[in-house]
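Data from input.csv: CSV, C-alpha atoms (C1' of nucleotides)
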chain,number,residue,atom,x,y,z
E,19,MET,CA,99.8,124.5,140.6
E,20,GLN,CA,97.8,121.3,140.1
E,21,LYS,CA,96.2,120.3,136.8
E,22,THR,CA,93.3,118.1,136.1
E,23,GLY,CA,93.6,117.7,132.4
E,24,MET,CA,92.4,114.6,130.8
E,25,ALA,CA,94.1,114.0,127.5
E,26,VAL,CA,91.7,112.0,125.4
E,27,THR,CA,93.6,111.3,122.2
E,28,GLY,CA,92.4,109.2,119.4
E,29,ASP,CA,92.6,105.8,120.9
E,30,GLU,CA,92.0,103.5,118.0
E,31,ILE,CA,93.3,105.2,114.9
E,32,ALA,CA,96.7,103.9,114.4
E,33,ALA,CA,96.7,101.0,112.0
E,34,THR,CA,96.9,97.8,113.9
E,35,GLY,CA,99.6,95.9,112.1
E,36,ASP,CA,101.2,92.9,113.6
E,37,MET,CA,101.6,93.3,117.3
E,38,PRO,CA,101.6,91.2,120.3
E,39,THR,CA,98.2,90.4,121.8
E,40,TYR,CA,99.0,92.2,125.0
E,41,GLN,CA,99.2,95.4,123.0
E,42,ILE,CA,96.1,95.3,121.0
E,43,ARG,CA,95.0,98.9,120.5
E,44,ALA,CA,91.3,98.7,121.1
E,45,PRO,CA,89.5,95.8,122.7
E,46,PRO,CA,87.6,93.7,120.2
E,47,THR,CA,84.2,95.1,121.0
E,48,ALA,CA,82.9,94.3,117.6
E,49,LEU,CA,80.0,92.2,118.5
E,50,PRO,CA,76.6,92.9,116.9
E,51,GLN,CA,74.6,94.9,119.5
E,52,GLY,CA,71.9,92.8,121.1
E,53,VAL,CA,72.9,89.6,119.6
E,54,VAL,CA,73.8,87.2,122.4
E,55,VAL,CA,75.9,84.2,121.5
E,56,ALA,CA,75.6,81.2,123.8
E,57,ALA,CA,78.8,79.9,125.2
E,58,SER,CA,79.9,76.8,123.5
E,59,PRO,CA,79.2,73.8,125.8
E,60,GLY,CA,82.2,72.9,127.8
E,61,SER,CA,83.9,76.2,127.0
E,62,LEU,CA,84.6,78.5,129.9
E,63,HIS,CA,84.7,81.6,127.7
E,64,SER,CA,82.0,83.0,125.6
E,65,PRO,CA,83.0,85.7,123.0
E,66,GLN,CA,81.5,88.3,125.4
E,67,GLN,CA,83.6,87.0,128.2
E,68,LEU,CA,86.7,87.1,126.1
E,69,ALA,CA,85.9,90.7,125.1
E,70,GLU,CA,85.3,91.7,128.6
E,71,GLU,CA,88.5,90.1,129.6
E,72,ALA,CA,90.3,92.0,126.9
E,73,THR,CA,89.0,95.4,128.0
E,74,ARG,CA,89.8,94.5,131.5
E,75,LYS,CA,93.3,93.7,130.6
E,76,ARG,CA,93.6,96.8,128.6
E,77,GLU,CA,92.3,99.0,131.4
E,78,LEU,CA,94.7,97.4,133.8
E,79,ARG,CA,97.6,98.0,131.4
E,80,LEU,CA,96.7,101.6,130.9
E,81,MET,CA,96.4,102.1,134.7
E,82,LYS,CA,99.7,100.6,135.3
E,83,ASN,CA,101.4,102.6,132.6
E,84,ARG,CA,99.8,105.8,133.9
E,85,GLU,CA,101.3,105.2,137.3
E,86,ALA,CA,104.6,104.2,135.7
E,87,ALA,CA,104.7,107.4,133.8
E,88,LYS,CA,104.1,109.4,136.9
E,89,GLU,CA,106.9,107.7,138.7
E,90,CYS,CA,109.2,108.0,135.8
E,91,ARG,CA,108.6,111.8,135.7
E,92,ARG,CA,109.1,112.1,139.4
E,93,ARG,CA,112.4,110.4,139.1
E,94,LYS,CA,113.5,112.5,136.2
E,95,LYS,CA,112.7,115.7,138.0
E,96,GLU,CA,114.8,114.5,140.9
E,97,TYR,CA,117.6,113.6,138.6
E,98,VAL,CA,117.5,117.1,137.0
E,99,LYS,CA,117.5,118.7,140.5
E,100,CYS,CA,120.6,116.7,141.3
E,101,LEU,CA,122.4,117.8,138.2
E,102,GLU,CA,121.5,121.4,138.9
E,103,SER,CA,122.9,121.3,142.3
E,104,ARG,CA,126.0,119.7,141.1
E,105,VAL,CA,126.4,122.4,138.6
E,106,ALA,CA,126.1,125.0,141.4
E,107,VAL,CA,128.8,123.2,143.4
E,108,LEU,CA,131.1,122.9,140.4
E,109,GLU,CA,130.7,126.6,139.5
E,110,VAL,CA,131.8,127.6,143.0
E,111,GLN,CA,134.7,125.3,142.9
E,112,ASN,CA,135.7,126.6,139.5
E,113,LYS,CA,135.6,130.1,140.7
E,114,LYS,CA,137.8,129.3,143.6
E,115,LEU,CA,140.3,127.5,141.4
E,116,ILE,CA,140.5,130.5,139.1
E,117,GLU,CA,141.1,132.8,142.0
E,118,GLU,CA,143.9,130.5,143.3
E,119,LEU,CA,145.4,130.4,139.9
E,120,GLU,CA,145.5,134.2,139.7
E,121,THR,CA,147.2,134.5,143.1
E,122,LEU,CA,149.8,131.9,142.1
E,123,LYS,CA,150.4,133.7,138.9
E,124,ASP,CA,151.1,136.9,140.8
E,125,ILE,CA,153.5,135.1,143.1
E,126,CYS,CA,155.4,133.5,140.4
E,127,SER,CA,155.5,136.3,137.8
E,128,PRO,CA,158.9,137.9,137.3
E,129,LYS,CA,159.2,141.3,138.9
E,130,THR,CA,158.7,144.2,136.5
E,131,ASP,CA,160.8,147.2,137.4
W,12,DC,C1',88.4,142.3,129.7
W,13,DA,C1',88.8,138.9,125.9
W,14,DA,C1',92.3,136.9,123.1
W,15,DT,C1',96.6,134.9,122.8
W,16,DC,C1',100.9,133.1,124.6
W,17,DT,C1',103.5,130.2,127.7
W,18,DG,C1',105.0,126.7,130.7
W,19,DA,C1',103.6,122.8,133.4
W,20,DT,C1',101.2,118.5,133.8
W,21,DC,C1',98.7,114.7,132.2
W,22,DG,C1',97.4,110.3,129.6
W,23,DT,C1',98.4,107.5,125.9
W,24,DC,C1',101.1,105.2,122.3
W,25,DA,C1',105.3,103.2,120.5
W,26,DT,C1',109.6,101.7,121.5
W,27,DT,C1',113.4,100.3,124.5
W,28,DT,C1',115.2,97.9,128.4
W,29,DA,C1',115.0,94.4,132.0
W,30,DA,C1',113.2,90.2,133.9
W,31,DT,C1',111.6,85.5,133.4
Q,10,DA,C1',111.3,84.2,123.1
Q,11,DT,C1',107.8,86.2,125.9
Q,12,DT,C1',106.2,89.5,129.1
Q,13,DA,C1',106.3,93.5,132.1
Q,14,DA,C1',108.3,97.9,133.4
Q,15,DA,C1',110.6,102.2,132.0
Q,16,DT,C1',111.0,105.9,129.0
Q,17,DG,C1',110.6,109.3,124.9
Q,18,DA,C1',107.4,111.7,122.1
Q,19,DC,C1',103.0,113.6,121.2
Q,20,DG,C1',98.8,116.1,121.7
Q,21,DA,C1',95.3,117.8,125.1
Q,22,DT,C1',94.2,120.7,128.9
Q,23,DC,C1',94.8,123.9,132.4
Q,24,DA,C1',96.4,128.3,135.0
Q,25,DG,C1',98.7,132.3,135.0
Q,26,DA,C1',101.0,136.1,132.5
Q,27,DT,C1',101.0,139.3,128.6
Q,28,DT,C1',99.0,142.2,125.2
Q,29,DG,C1',96.0,145.1,122.3

Before anything else, please render the file you have as structure tokens.
Amino acid sequence: MQKTGMAVTGDEIAATGDMPTYQIRAPPTALPQGVVVAASPGSLHSPQQLAEEATRKRELRLMKNREAAKECRRRKKEYVKCLESRVAVLEVQNKKLIEELETLKDICSPKTD
DNA sequence: CAATCTGATCGTCATTTAAT
DNA sequence: ATTAAATGACGATCAGATTG
């Protein structure tokens, strides 16, 4: 079964304490609507450009992490399958050993007459 | 048949681990 | 020390099963 769920959790609620810039929770989109600030002469980056760059970076990070999570889950599933098949093998092996033990016991047990 | 339960899957955040 | 990738945990969403 394939799911198409989109989990849209609160995306900017957690208190933004001190954290590295590459992890800023929500892009600084706090510019007064409609107000256009001219780029300072000589500067390559107006505040808008910086904001856009921030959102761009954030979206890229989310996308990468999304893919990383998928891959991580895939690997984990495979790992669990591996363990399960190992369990199956060991169970068979254990059963055989128990049987062998029983026959050896029979052979070695003193005769009861 | 609608309401509820259940298990699977997903995206995101926070944290840990690995790479530089 | 900084940055990127991997992973655990959480809540949201869906599909199918169960129940009254």

Using all atoms listed in the file, which chain Q residues lie at most 8 Å away from chain E, written as a tab-separated table (two decimals) with C-alpha atoms (C1' of nucleotides), in the frame of the given file?
chain	number	residue	atom	x	y	z
Q	14	DA	C1'	108.30	97.90	133.40
Q	15	DA	C1'	110.60	102.20	132.00
Q	16	DT	C1'	111.00	105.90	129.00
Q	20	DG	C1'	98.80	116.10	121.70
Q	21	DA	C1'	95.30	117.80	125.10
Q	22	DT	C1'	94.20	120.70	128.90
Q	23	DC	C1'	94.80	123.90	132.40
Q	24	DA	C1'	96.40	128.30	135.00

| remark: As a check of understanding: the span from atom CA of E:Val98 to atom CA of E:Lys114 is 24.6 Å

| task | Pull out every residue of chain W that has at least one atom within 10 Å of chain E, counting only C-alpha atoms (C1' of nucleotides), and report them as a ChimeraX atom specification. | result | /W:19-24

| request: Have a look at atom CA of E:Arg76 and atom CA of E:Arg93 and let me know their distance in Å, one decimal. | output: 25.5 Å

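Pairwise distance (atom C1' of W:DA29, atom CA of E:Glu85) equals 18.2 Å.
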
| message | Residues near Q:DA26, anyone? I mean within 12 Å using only C-alpha atoms (C1' of nucleotides), not counting same-chain ones fewer than 6 positions away, as a list in words. | response |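 Within the cut-off, the hits are DT15, DC16, DT17 and DG18 of chain W.
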